[in-house]
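The structure file coords_26.txt is reproduced below (compact mmCIF, C-alpha atoms and all ligand atoms).
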```txt
# COMPACT_ATOMS: atom_id res chain seq x y z
CA MET Z 1 -9.12 6.66 -29.50
CA LYS Z 2 -9.70 9.06 -32.36
CA PHE Z 3 -12.82 11.16 -32.51
CA ILE Z 4 -13.67 11.73 -36.17
CA PHE Z 5 -16.30 14.35 -36.92
CA ALA Z 6 -18.71 13.46 -39.73
CA ASP Z 7 -18.98 16.69 -41.66
CA SER Z 8 -22.05 17.81 -43.51
CA LEU Z 9 -21.08 21.40 -44.37
CA ASP Z 10 -21.38 22.50 -40.76
CA TYR Z 11 -20.08 26.02 -40.90
CA VAL Z 12 -21.29 29.33 -39.45
CA ASP Z 13 -21.02 32.95 -40.53
CA PRO Z 14 -18.33 34.64 -38.40
CA ALA Z 15 -19.76 38.06 -39.31
CA PHE Z 16 -23.30 37.23 -38.19
CA ASP Z 17 -24.91 40.16 -36.35
CA PHE Z 18 -26.78 38.75 -33.35
CA ILE Z 19 -28.58 41.97 -32.48
CA ALA Z 20 -29.84 42.65 -36.02
CA ASP Z 21 -30.20 38.87 -36.39
CA ARG Z 22 -28.73 38.70 -39.88
CA SER Z 23 -25.61 38.10 -41.95
CA PRO Z 24 -24.02 40.93 -43.94
CA ALA Z 25 -25.81 41.38 -47.27
CA GLU Z 26 -22.62 40.60 -49.17
CA ARG Z 27 -21.98 37.26 -47.39
CA GLN Z 28 -21.07 34.44 -49.74
CA PRO Z 29 -22.07 31.06 -48.27
CA TYR Z 30 -19.12 28.67 -47.76
CA TRP Z 31 -16.50 31.27 -48.85
CA ASP Z 32 -17.21 33.71 -46.03
CA ASP Z 33 -18.28 31.02 -43.55
CA ALA Z 34 -16.10 29.28 -40.96
CA TYR Z 35 -15.77 25.55 -40.23
CA PRO Z 36 -15.52 24.48 -36.58
CA HIS Z 37 -11.69 24.40 -36.77
CA GLU Z 38 -11.68 27.93 -38.17
CA ILE Z 39 -14.06 29.62 -35.75
CA LEU Z 40 -12.50 27.92 -32.71
CA GLY Z 41 -8.94 28.48 -33.91
CA TYR Z 42 -8.09 24.79 -33.51
CA ALA Z 43 -9.63 21.49 -34.59
CA PRO Z 44 -12.12 20.10 -32.04
CA TYR Z 45 -11.64 16.59 -33.50
CA ASP Z 46 -8.89 14.18 -34.56
CA GLY Z 47 -10.18 14.02 -38.09
CA VAL Z 48 -13.14 14.49 -40.36
CA LEU Z 49 -15.29 11.98 -42.23
CA VAL Z 50 -16.87 12.89 -45.54
CA SER Z 51 -19.47 10.60 -47.06
CA ARG Z 52 -19.69 10.22 -50.83
CA GLY Z 53 -23.46 10.45 -50.43
CA ILE Z 54 -23.19 13.88 -48.77
CA VAL Z 55 -21.06 15.23 -51.63
CA GLY Z 56 -23.61 13.77 -54.07
CA ASP Z 57 -23.65 13.54 -57.85
CA HIS Z 58 -26.13 12.85 -60.66
CA ARG Z 59 -27.09 9.52 -59.00
CA VAL Z 60 -27.34 10.45 -55.33
CA LYS Z 61 -28.64 13.84 -54.27
CA GLY Z 62 -26.10 15.07 -51.74
CA LYS Z 63 -25.96 18.10 -49.51
CA TYR Z 64 -23.35 19.94 -51.54
CA THR Z 65 -24.44 22.26 -54.35
CA ALA Z 66 -23.35 21.19 -57.83
CA SER Z 67 -20.55 23.76 -57.82
CA GLN Z 68 -19.38 22.68 -54.35
CA ALA Z 69 -19.27 19.04 -55.50
CA ARG Z 70 -17.28 20.13 -58.57
CA ARG Z 71 -14.85 22.11 -56.45
CA PHE Z 72 -14.48 19.16 -54.05
CA GLY Z 73 -13.41 16.94 -56.96
CA LEU Z 74 -11.11 19.61 -58.32
CA VAL Z 75 -9.18 20.74 -55.23
CA GLY Z 76 -9.57 17.63 -53.04
CA VAL Z 77 -11.01 17.09 -49.61
CA ARG Z 78 -8.32 18.80 -47.52
CA LYS Z 79 -8.44 22.07 -49.39
CA PHE Z 80 -12.22 21.99 -49.66
CA LEU Z 81 -12.56 21.61 -45.87
CA ARG Z 82 -9.80 24.22 -45.46
CA LEU Z 83 -7.70 21.72 -43.56
CA ASP Z 84 -4.73 22.29 -45.85
CA ARG Z 85 -2.89 24.50 -43.37
CA PRO Z 86 0.19 23.19 -41.51
CA GLU Z 87 -1.57 23.07 -38.12
CA PHE Z 88 -4.16 20.65 -39.53
CA THR Z 89 -1.91 18.24 -41.42
CA HIS Z 90 -2.05 15.73 -38.54
CA LEU Z 91 -5.82 15.32 -38.97
CA ASP Z 92 -7.12 12.15 -40.59
CA ILE Z 93 -9.65 12.41 -43.36
CA PHE Z 94 -11.93 9.42 -43.59
CA GLY Z 95 -14.22 8.70 -46.51
CA ASP Z 96 -17.17 6.36 -46.72
CA CYS Z 97 -19.97 5.83 -49.20
CA GLY Z 98 -22.76 7.15 -46.98
CA ALA Z 99 -24.65 3.85 -47.20
CA PHE Z 100 -27.78 5.40 -45.64
CA THR Z 101 -28.28 7.59 -48.71
CA TYR Z 102 -28.85 4.53 -50.94
CA VAL Z 103 -30.33 2.17 -48.38
CA ASN Z 104 -33.46 1.56 -50.50
CA GLU Z 105 -31.56 0.55 -53.65
CA ASP Z 106 -30.91 -3.06 -54.59
CA ARG Z 107 -27.21 -2.42 -54.97
CA PRO Z 108 -24.89 0.46 -53.97
CA PRO Z 109 -24.67 3.04 -56.77
CA TYR Z 110 -20.84 3.15 -56.58
CA THR Z 111 -18.36 0.53 -57.74
CA PRO Z 112 -15.31 -0.39 -55.65
CA ALA Z 113 -13.01 0.87 -58.46
CA GLU Z 114 -14.79 4.20 -58.60
CA MET Z 115 -14.61 4.68 -54.82
CA ALA Z 116 -10.93 3.73 -54.62
CA GLU Z 117 -10.21 6.30 -57.32
CA PHE Z 118 -12.40 8.91 -55.60
CA TYR Z 119 -10.62 8.55 -52.22
CA ASP Z 120 -7.22 8.56 -53.86
CA GLU Z 121 -7.78 11.52 -56.16
CA CYS Z 122 -9.47 13.62 -53.47
CA GLY Z 123 -6.68 13.00 -50.96
CA PHE Z 124 -8.43 11.02 -48.21
CA THR Z 125 -6.15 9.39 -45.63
CA HIS Z 126 -8.62 6.53 -44.98
CA GLY Z 127 -11.30 5.06 -47.26
CA CYS Z 128 -14.09 2.57 -46.49
CA SER Z 129 -15.12 -0.23 -48.84
CA VAL Z 130 -18.51 -0.04 -50.57
CA ASP Z 131 -21.07 -1.41 -48.11
CA HIS Z 132 -24.81 -2.00 -48.13
CA VAL Z 133 -26.62 -1.38 -44.84
CA ILE Z 134 -28.37 -4.30 -43.13
CA PHE Z 135 -31.22 -3.14 -40.95
CA ASP Z 136 -32.39 -6.39 -39.32
CA PHE Z 137 -30.74 -7.09 -36.01
CA TYR Z 138 -31.20 -10.26 -33.93
CA PRO Z 139 -28.94 -10.12 -30.89
CA ALA Z 140 -29.66 -13.71 -29.78
CA VAL Z 141 -29.17 -15.78 -32.95
CA VAL Z 142 -26.03 -17.88 -33.01
CA GLY Z 143 -23.27 -17.79 -35.64
CA MET Z 144 -24.59 -17.36 -39.17
CA GLU Z 145 -28.13 -18.40 -38.25
CA GLY Z 146 -31.17 -16.26 -39.09
CA GLY Z 147 -31.03 -13.24 -41.42
CA SER Z 148 -33.57 -12.45 -44.13
CA VAL Z 149 -32.89 -13.10 -47.82
CA ASP Z 150 -32.34 -9.35 -48.22
CA ALA Z 151 -29.90 -9.23 -45.28
CA LYS Z 152 -27.88 -12.13 -46.70
CA GLN Z 153 -27.75 -10.49 -50.12
CA ARG Z 154 -26.46 -7.27 -48.58
CA PHE Z 155 -23.93 -9.25 -46.53
CA ASP Z 156 -22.60 -10.87 -49.73
CA ILE Z 157 -22.58 -7.60 -51.70
CA THR Z 158 -20.65 -5.85 -48.91
CA LEU Z 159 -18.00 -8.59 -48.79
CA GLU Z 160 -17.66 -8.95 -52.57
CA ASN Z 161 -17.21 -5.18 -52.81
CA ALA Z 162 -14.64 -5.20 -50.02
CA ASP Z 163 -12.61 -7.87 -51.79
CA GLN Z 164 -12.68 -5.97 -55.08
CA PHE Z 165 -12.00 -2.65 -53.32
CA LEU Z 166 -8.81 -3.96 -51.72
CA ARG Z 167 -7.58 -5.25 -55.07
CA GLU Z 168 -8.30 -1.87 -56.69
CA VAL Z 169 -6.44 -0.08 -53.91
CA GLU Z 170 -3.39 -2.26 -54.52
CA GLN Z 171 -3.65 -1.98 -58.29
CA ILE Z 172 -3.73 1.82 -58.40
CA GLY Z 173 -1.11 2.07 -55.63
CA ALA Z 174 -3.47 4.22 -53.58
CA SER Z 175 -1.91 6.15 -50.73
CA PHE Z 176 -4.90 6.00 -48.33
CA THR Z 177 -5.49 3.27 -45.72
CA PRO Z 178 -8.35 0.98 -46.79
CA LEU Z 179 -11.00 -0.02 -44.24
CA GLY Z 180 -13.18 -3.08 -44.79
CA VAL Z 181 -16.77 -2.43 -43.75
CA VAL Z 182 -18.56 -4.99 -41.55
CA GLN Z 183 -22.30 -5.43 -42.08
CA GLY Z 184 -24.39 -8.21 -40.51
CA TRP Z 185 -27.75 -9.04 -38.95
CA SER Z 186 -26.38 -10.43 -35.68
CA PRO Z 187 -23.19 -10.40 -33.59
CA GLY Z 188 -22.21 -13.77 -35.12
CA SER Z 189 -22.69 -12.69 -38.73
CA MET Z 190 -20.74 -9.49 -38.05
CA ALA Z 191 -17.92 -11.51 -36.51
CA GLU Z 192 -17.90 -13.75 -39.61
CA ALA Z 193 -17.78 -10.69 -41.89
CA ALA Z 194 -14.89 -9.31 -39.83
CA ARG Z 195 -13.02 -12.62 -40.00
CA ARG Z 196 -13.39 -12.74 -43.79
CA LEU Z 197 -12.25 -9.11 -44.17
CA VAL Z 198 -9.11 -9.87 -42.18
CA THR Z 199 -8.50 -12.95 -44.38
CA MET Z 200 -8.77 -10.68 -47.44
CA GLY Z 201 -5.95 -8.58 -45.97
CA TYR Z 202 -7.67 -5.73 -44.14
CA GLU Z 203 -5.95 -4.45 -41.00
CA TYR Z 204 -8.54 -1.79 -40.21
CA LEU Z 205 -12.27 -2.56 -40.06
CA ALA Z 206 -15.22 -0.17 -39.95
CA ILE Z 207 -18.34 -1.46 -38.24
CA GLY Z 208 -21.46 -0.29 -40.09
CA GLY Z 209 -25.15 -0.39 -39.29
CA MET Z 210 -24.62 0.72 -35.67
CA VAL Z 211 -26.78 3.85 -35.87
CA PRO Z 212 -30.12 2.33 -34.74
CA LEU Z 213 -28.55 0.02 -32.11
CA LYS Z 214 -28.52 0.64 -28.38
CA SER Z 215 -25.24 0.62 -26.42
CA PRO Z 216 -25.60 -2.97 -25.04
CA GLU Z 217 -26.30 -4.25 -28.58
CA ILE Z 218 -23.26 -2.47 -29.98
CA LYS Z 219 -21.18 -4.00 -27.18
CA ILE Z 220 -22.19 -7.59 -27.94
CA CYS Z 221 -21.30 -6.98 -31.61
CA LEU Z 222 -17.92 -5.56 -30.63
CA GLU Z 223 -17.28 -8.51 -28.32
CA ALA Z 224 -18.06 -11.00 -31.10
CA ILE Z 225 -15.94 -9.10 -33.61
CA ARG Z 226 -13.00 -8.69 -31.22
CA ALA Z 227 -13.06 -12.44 -30.57
CA ALA Z 228 -12.92 -13.17 -34.33
CA VAL Z 229 -10.03 -10.91 -35.36
CA PRO Z 230 -6.39 -10.52 -34.26
CA ALA Z 231 -5.69 -8.03 -31.48
CA SER Z 232 -3.71 -5.96 -33.99
CA THR Z 233 -6.81 -5.35 -36.15
CA LYS Z 234 -7.99 -1.78 -35.69
CA LEU Z 235 -11.70 -1.06 -35.32
CA HIS Z 236 -13.68 2.02 -36.32
CA ILE Z 237 -17.36 2.51 -35.47
CA LEU Z 238 -19.24 4.20 -38.31
CA GLY Z 239 -21.92 6.68 -37.28
CA PHE Z 240 -21.55 6.21 -33.52
CA ALA Z 241 -24.77 7.75 -32.24
CA LYS Z 242 -24.03 6.76 -28.61
CA ALA Z 243 -21.06 9.10 -28.45
CA ASP Z 244 -21.91 10.32 -24.93
CA ASP Z 245 -21.59 6.72 -23.76
CA ILE Z 246 -18.04 6.40 -25.08
CA ASP Z 247 -16.54 5.89 -21.62
CA SER Z 248 -18.27 2.52 -21.28
CA PHE Z 249 -16.77 1.40 -24.63
CA HIS Z 250 -13.18 1.81 -23.58
CA GLY Z 251 -12.58 -1.88 -22.99
CA TYR Z 252 -13.26 -2.81 -26.62
CA ASP Z 253 -10.10 -1.23 -27.93
CA ILE Z 254 -11.78 1.04 -30.47
CA ALA Z 255 -9.18 2.85 -32.59
CA SER Z 256 -11.60 5.45 -33.90
CA PHE Z 257 -15.25 6.35 -34.34
CA ASP Z 258 -17.16 9.01 -36.17
CA THR Z 259 -20.16 10.91 -34.97
CA THR Z 260 -22.04 14.19 -35.40
CA SER Z 261 -23.85 13.72 -32.11
CA PRO Z 262 -22.36 16.61 -30.04
CA LEU Z 263 -23.18 19.05 -32.84
CA ILE Z 264 -26.65 17.71 -33.61
CA ARG Z 265 -27.73 17.50 -29.98
CA ALA Z 266 -27.34 21.28 -29.75
CA PHE Z 267 -30.55 21.69 -31.74
CA LYS Z 268 -32.21 18.29 -31.99
CA ASP Z 269 -32.31 17.19 -28.39
CA ALA Z 270 -35.22 18.19 -26.17
CA LYS Z 271 -33.02 18.82 -23.12
CA LYS Z 272 -29.29 18.19 -23.60
CA ASN Z 273 -28.28 21.07 -25.86
CA TYR Z 274 -25.18 22.61 -24.28
CA TYR Z 275 -22.27 20.54 -22.94
CA LEU Z 276 -19.85 21.33 -20.15
CA PRO Z 277 -17.32 19.09 -18.43
CA GLY Z 278 -19.01 17.55 -15.36
CA ASP Z 279 -17.77 15.93 -12.18
CA GLY Z 280 -14.96 13.42 -12.63
CA LEU Z 281 -15.03 12.25 -16.20
CA ALA Z 282 -18.70 12.93 -16.90
CA LEU Z 283 -20.31 15.48 -19.18
CA ARG Z 284 -22.85 17.95 -17.91
CA TYR Z 285 -25.81 19.08 -20.00
CA PHE Z 286 -27.94 22.22 -20.13
CA THR Z 287 -31.17 22.99 -21.94
CA SER Z 288 -30.89 25.89 -24.34
CA ILE Z 289 -33.50 28.62 -24.20
CA ARG Z 290 -35.97 28.50 -27.07
CA VAL Z 291 -36.63 31.94 -28.56
CA PRO Z 292 -37.65 31.21 -32.17
CA GLN Z 293 -38.32 33.84 -34.82
CA ALA Z 294 -42.03 34.65 -34.45
CA ILE Z 295 -42.56 35.31 -38.12
CA GLU Z 296 -40.74 32.16 -39.25
CA ASN Z 297 -41.73 29.51 -36.73
CA PRO Z 298 -44.41 27.25 -38.31
CA ARG Z 299 -46.13 26.52 -35.00
CA LEU Z 300 -46.42 30.18 -34.05
CA GLN Z 301 -47.58 31.04 -37.54
CA ARG Z 302 -50.29 28.40 -37.30
CA SER Z 303 -51.64 29.98 -34.15
CA VAL Z 304 -51.71 33.36 -35.91
CA LYS Z 305 -53.70 31.87 -38.79
CA ARG Z 306 -56.09 30.25 -36.32
CA GLY Z 307 -56.57 33.60 -34.63
CA THR Z 308 -55.19 32.52 -31.22
CA PHE Z 309 -52.47 35.17 -31.37
CA ARG Z 310 -51.79 38.34 -33.30
CA ALA Z 311 -48.46 38.35 -35.13
CA GLU Z 312 -47.48 41.70 -33.60
CA ASP Z 313 -48.07 40.37 -30.07
CA LEU Z 314 -45.83 37.38 -30.75
CA VAL Z 315 -43.10 39.65 -32.11
CA ARG Z 316 -43.41 41.80 -28.97
CA MET Z 317 -43.01 38.72 -26.72
CA GLU Z 318 -40.03 37.57 -28.80
CA VAL Z 319 -38.30 40.95 -28.48
CA ALA Z 320 -39.01 41.00 -24.74
CA ALA Z 321 -37.58 37.48 -24.27
CA LEU Z 322 -34.37 38.28 -26.18
CA GLY Z 323 -34.03 41.65 -24.45
CA SER Z 324 -34.44 40.20 -20.96
CA LEU Z 325 -31.92 37.40 -21.61
CA ARG Z 326 -29.34 39.95 -22.72
CA ALA Z 327 -30.17 42.22 -19.77
CA PHE Z 328 -29.77 39.24 -17.43
CA ASP Z 329 -26.38 38.46 -18.96
CA ARG Z 330 -25.28 42.07 -18.42
CA GLY Z 331 -26.49 41.93 -14.82
CA GLU Z 332 -29.30 44.42 -15.50
CA ALA Z 333 -32.20 42.02 -14.96
CA ASP Z 334 -32.63 39.32 -12.34
CA LEU Z 335 -33.17 35.65 -13.05
CA ASP Z 336 -36.92 35.67 -12.34
CA GLU Z 337 -37.50 38.59 -14.65
CA ALA Z 338 -35.62 36.92 -17.52
CA LEU Z 339 -37.26 33.57 -16.89
CA HIS Z 340 -40.72 35.15 -16.85
CA SER Z 341 -40.20 36.91 -20.22
CA VAL Z 342 -38.98 33.67 -21.75
CA LEU Z 343 -41.89 31.64 -20.39
CA VAL Z 344 -44.46 34.18 -21.59
CA TYR Z 345 -43.13 33.53 -25.09
CA SER Z 346 -42.82 29.77 -24.46
CA ALA Z 347 -46.55 29.41 -23.76
CA PRO Z 348 -47.64 30.08 -27.37
CA LEU Z 349 -44.76 27.92 -28.57
CA PHE Z 350 -45.29 24.85 -26.38
CA GLU Z 351 -48.98 25.06 -25.43
CA GLU Z 352 -50.39 27.31 -28.18
CA LYS Z 353 -52.13 29.24 -25.41
CA PRO Z 354 -51.52 32.58 -23.67
CA PHE Z 355 -49.20 32.29 -20.63
CA GLU Z 356 -52.01 33.20 -18.18
CA ASP Z 357 -53.99 30.14 -19.35
CA CYS Z 358 -51.25 27.53 -19.04
CA GLN Z 359 -48.53 28.76 -16.68
CA ASN Z 360 -49.03 25.77 -14.41
CA SER Z 361 -49.19 23.14 -17.15
CA PRO Z 362 -46.76 20.24 -16.59
CA ALA Z 363 -44.87 21.06 -19.82
CA LEU Z 364 -44.33 24.68 -18.89
CA LEU Z 365 -43.37 23.86 -15.30
CA GLN Z 366 -40.82 21.33 -16.53
CA LEU Z 367 -39.43 23.85 -18.95
CA ALA Z 368 -39.27 26.52 -16.25
CA LYS Z 369 -37.26 24.14 -14.06
CA ARG Z 370 -34.72 23.39 -16.78
CA TYR Z 371 -34.46 27.02 -17.88
CA ARG Z 372 -33.95 28.10 -14.27
CA GLU Z 373 -31.02 25.71 -14.00
CA THR Z 374 -29.50 27.03 -17.23
CA LEU Z 375 -29.91 30.65 -16.20
CA SER Z 376 -28.69 30.22 -12.65
CA GLU Z 377 -25.56 28.34 -13.77
CA ARG Z 378 -24.80 30.69 -16.71
CA PRO Z 379 -22.79 27.88 -18.38
CA TRP Z 380 -21.76 30.12 -21.29
CA ARG Z 381 -19.75 32.15 -18.76
CA GLN Z 382 -17.97 29.01 -17.58
CA CYS Z 383 -16.62 28.06 -21.01
CA PRO Z 384 -13.36 29.56 -22.29
CA CYS Z 385 -13.93 28.60 -25.95
CA ALA Z 386 -13.75 31.29 -28.63
CA ILE Z 387 -17.47 30.99 -29.38
CA CYS Z 388 -18.71 31.44 -25.83
CA ALA Z 389 -16.21 34.23 -25.23
CA ALA Z 390 -17.37 36.11 -28.33
CA THR Z 391 -21.13 35.51 -28.24
CA SER Z 392 -21.89 35.13 -24.52
CA VAL Z 393 -25.61 34.48 -23.84
CA GLU Z 394 -26.44 34.22 -27.58
CA VAL Z 395 -24.84 30.75 -27.67
CA ILE Z 396 -27.45 29.36 -25.27
CA ILE Z 397 -30.40 30.75 -27.27
CA PHE Z 398 -32.07 28.13 -29.45
CA ARG Z 399 -32.78 30.14 -32.57
CA GLY Z 400 -31.59 29.83 -36.18
CA SER Z 401 -28.52 28.12 -37.55
CA ASN Z 402 -25.91 30.71 -36.50
CA ARG Z 403 -26.68 30.32 -32.80
CA ASN Z 404 -27.58 26.62 -32.91
CA LYS Z 405 -24.53 25.50 -34.88
CA ARG Z 406 -22.21 27.69 -32.80
CA ARG Z 407 -23.55 25.90 -29.72
CA GLY Z 408 -22.96 22.60 -31.54
CA ILE Z 409 -19.38 23.57 -32.35
CA HIS Z 410 -18.82 24.57 -28.71
CA ASN Z 411 -20.12 21.06 -27.82
CA LEU Z 412 -17.54 19.53 -30.19
CA ALA Z 413 -14.80 21.36 -28.30
CA VAL Z 414 -16.10 20.10 -24.93
CA TYR Z 415 -16.51 16.61 -26.34
CA LYS Z 416 -12.98 16.50 -27.78
CA ASN Z 417 -11.67 17.46 -24.38
CA HIS Z 418 -13.86 14.73 -22.84
CA ILE Z 419 -12.26 12.10 -25.12
CA GLU Z 420 -8.78 13.34 -24.26
CA ARG Z 421 -9.54 13.10 -20.53
CA LEU Z 422 -10.83 9.53 -20.98
CA ASP Z 423 -7.76 8.53 -22.98
CA LEU Z 424 -5.54 10.11 -20.37
CA LYS Z 425 -7.32 8.21 -17.61
CA ARG Z 426 -6.86 4.98 -19.51
CA ALA Z 427 -3.21 5.73 -20.20
CA VAL Z 428 -2.59 6.36 -16.50
CA LYS Z 429 -4.43 3.19 -15.56
CA ARG Z 430 -2.45 1.11 -18.04
CA THR Z 431 0.87 2.48 -16.87
CA ASP Z 432 -0.14 1.69 -13.29
CA GLU Z 433 -1.10 -1.85 -14.20
CA ILE Z 434 2.12 -2.41 -16.11
CA SER Z 435 4.28 -1.03 -13.31
CA ARG Z 436 2.40 -3.17 -10.78
CA ARG Z 437 2.95 -6.24 -12.93
CA LEU Z 438 6.63 -5.39 -13.40
CA CYS Z 439 7.04 -4.83 -9.69
CA ALA Z 440 5.28 -8.10 -8.91
CA ALA Z 441 7.62 -9.91 -11.31
CA GLU Z 442 10.73 -8.30 -9.87
CA CYS Z 443 9.82 -8.57 -6.22
ZN ZN C 1 -17.86 27.31 -25.36
```
As structure tokens, how would this structure be written, given the file I've shared?
Ligand SMILES: [Zn+2]
Amino acid sequence: MKFIFADSLDYVDPAFDFIADRSPAERQPYWDDAYPHEILGYAPYDGVLVSRGIVGDHRVKGKYTASQARRFGLVGVRKFLRLDRPEFTHLDIFGDCGAFTYVNEDRPPYTPAEMAEFYDECGFTHGCSVDHVIFDFYPAVVGMEGGSVDAKQRFDITLENADQFLREVEQIGASFTPLGVVQGWSPGSMAEAARRLVTMGYEYLAIGGMVPLKSPEIKICLEAIRAAVPASTKLHILGFAKADDIDSFHGYDIASFDTTSPLIRAFKDAKKNYYLPGDGLALRYFTSIRVPQAIENPRLQRSVKRGTFRAEDLVRMEVAALGSLRAFDRGEADLDEALHSVLVYSAPLFEEKPFEDCQNSPALLQLAKRYRETLSERPWRQCPCAICAATSVEVIIFRGSNRNKRRGIHNLAVYKNHIERLDLKRAVKRTDEISRRLCAAEC
């Protein structure tokens, strides 16, 4: 099972100064920055996915600057992502259209011919057909029943595009592997889409529209699709938001999936921000310690404007929280001292009140409990990755992109290892089963 990381220019500044809290003045974004595979010294994924919509152009506003998009077209995806070194040649590079960026349009802004050319010229190893996201989902309708007029239109557009895309790929003699994208409003309609894609000639399918679905819903779709296509058909899940649940998906024979989840959770989840391997094959999660920049945090600034706090007092609390966390890491402050400094600064942040007025509020008590667990375990000391080794306690501090994304990249490394352990477990299990069967036959 291949873990493909959906990139969205997720790099960090290797020269970032954590004490001064800034990058060198001469830093050039992108050029001086490091991708996850650069800062870790190895790739914490089996491949990368780049969406056309993230690159952007005059029709779709992407995340790349105009000059980055130009360079991408000029040098190709591998060189742009700095994956053109020998140690990274084994990595797959998937491309898709980024259907979420044009979800409100009547039709996708890209033609199948244009996308086939784009993937081929930019050097992708795998390219998805031009799909149109269907948002309705009815788990209980049977076969091709149900589905709004809009859903059916999108279903037809996706399949027409897939048919044309495959013909384009053949015509230009493209060297990438084409994936037919499945869109549907129910397990039955997705299975029908999959069946038609296989009839067209696709051997690798990408299941779209999975982002808003819960794990059990994704599973009934996979079951329906698996039943409709040959066992040799490979399946990819596009935008797999339930990445932490991957263990329970092992039975569906997924060849690959893409996600950003381990990176994003580092700074978008309320609790699960830092990953470590857990007992058996589980993951273990820690809450990172929020110490935002007093003069930049909108919530803290609001309370200054309202007159609840003075800016200089907030800055003092911020400095004290950072100082005590570092002292704790060096063994010069005890856990209670560090926790107290952090909570004094958390009160204005979470309750917009001074600590003395809300120290027993449920929110602050909950936070204290989670922070205590993080501090007492010192997870950053348990991780051998290059980021944790170099930055120590800074990686657990929730503050600005250089700390938050580093923590996310550390999570990618833990997650990649998690996938490898699951695959290994499955491999062992399979070998056991086969040898048992062989033995049974022989005996
Ligand atoms: Zn680490």
message = Could you list, as JSON, numbers by chain, every residue within 9 Å of Glu203 of chain Z, counting only C-alpha atoms and ignoring same-chain residues fewer than 5 positions away?
response = {"Z": [178, 179, 180, 197, 198, 232, 233, 234, 235]}
Could you save the residues just selected, with C-alpha atoms, as a PDB file, in the frame of the given file?
```pdb
ATOM      1  CA  PRO Z 178      -8.350   0.980 -46.790  1.00  0.00           C
ATOM      2  CA  LEU Z 179     -11.000  -0.020 -44.240  1.00  0.00           C
ATOM      3  CA  GLY Z 180     -13.180  -3.080 -44.790  1.00  0.00           C
ATOM      4  CA  LEU Z 197     -12.250  -9.110 -44.170  1.00  0.00           C
ATOM      5  CA  VAL Z 198      -9.110  -9.870 -42.180  1.00  0.00           C
ATOM      6  CA  SER Z 232      -3.710  -5.960 -33.990  1.00  0.00           C
ATOM      7  CA  THR Z 233      -6.810  -5.350 -36.150  1.00  0.00           C
ATOM      8  CA  LYS Z 234      -7.990  -1.780 -35.690  1.00  0.00           C
ATOM      9  CA  LEU Z 235     -11.700  -1.060 -35.320  1.00  0.00           C
TER      10      LEU Z 235
END
```
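Taking atom CA of Gly95 of chain Z as the reference point, atom CA of Leu422 of chain Z is found at 25.8 Å.
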Task: Polymer residues at most 12 Å from (-20.6, -7.1, -51.9) by all atoms listed in the file, as a PyMOL selection string - done: chain Z and resi 106-112+129-133+151-165+180-183+193+197
* Determine, counting all atoms listed in the file, which protein, DNA and RNA residues have an atom within 9 Å of an atom of segment 355-364 of chain Z; residues of the same chain fewer than 5 positions away are not included. Present the result as number ranges by chain. => Z: 343-348, 350, 369
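Taking atom CA of Val55 of chain Z as the reference point, atom CA of Val414 of chain Z is found at 27.6 Å.
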* To do: Write out as a PyMOL selection string each polymer residue whose atoms come within 10 Å of Phe88 of chain Z, counting only C-alpha atoms; drop sequence neighbours fewer than 3 positions from it.
  => chain Z and resi 37+42-43+46-47+78+82-85+91-92
Residues within 12 Å of ligand ZN 1 (chain C), counting only C-alpha atoms and all ligand atoms: report them as number ranges by chain.
-> Z: 36, 39-40, 44, 274-277, 378-396, 403, 405-415, 417
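Within 10 Å of Ile225 of chain Z, once all atoms listed in the file are used and residues closer than 4 positions along the same chain are dropped, the contacting residues are Val182, Pro187, Gly188, Ser189, Met190, Ala191, Glu192, Ala193, Ala194, Arg195, Leu205, Ile207, Lys219, Ile220, Cys221, Val229, Pro230, Leu235 and Tyr252 of chain Z.
For the choices Z:Glu217, Z:Glu121, Z:Asp136, Z:Glu351, the atom-to-atom distance to Val77 of chain Z is smallest for Z:Glu121 when using all atoms listed in the file.
Among the candidates Z:Phe94, Z:Phe3, Z:Phe16, Z:Phe118, the one nearest to Ser401 of chain Z when counting all atoms listed in the file is Z:Phe16.
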Exercise. Which polymer residues have any atom within 10 Å of an atom of Gly278 of chain Z, counting all atoms listed in the file, with same-chain residues fewer than 6 positions away left out, as a list in words?
Worked result: Arg284, Tyr285 and His418 of chain Z
From atom CA of Ile93 of chain Z to atom CA of Ile246 of chain Z the spacing works out at 21.0 Å
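Counting all atoms listed in the file and comparing Z:Ser376, Z:Phe80, Z:Tyr35, Z:Ser175, the residue that lies closest to Asp334 of chain Z is Z:Ser376.
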Across Z:Val60, Z:Cys122, Z:Leu325, Z:Ala282, the smallest distance to Phe176 of chain Z, with all atoms listed in the file counted, is shown by Z:Cys122
Which centre and which edge lengths, in Å to one decimal, describe the axis-aligned box that holds all listed atoms of segment 23-29 of chain Z after 8 Å is added on each side, as JSON?
```
{"center_x": -23.4, "center_y": 36.2, "center_z": -45.8, "size_x": 20.7, "size_y": 26.3, "size_z": 23.8}
```
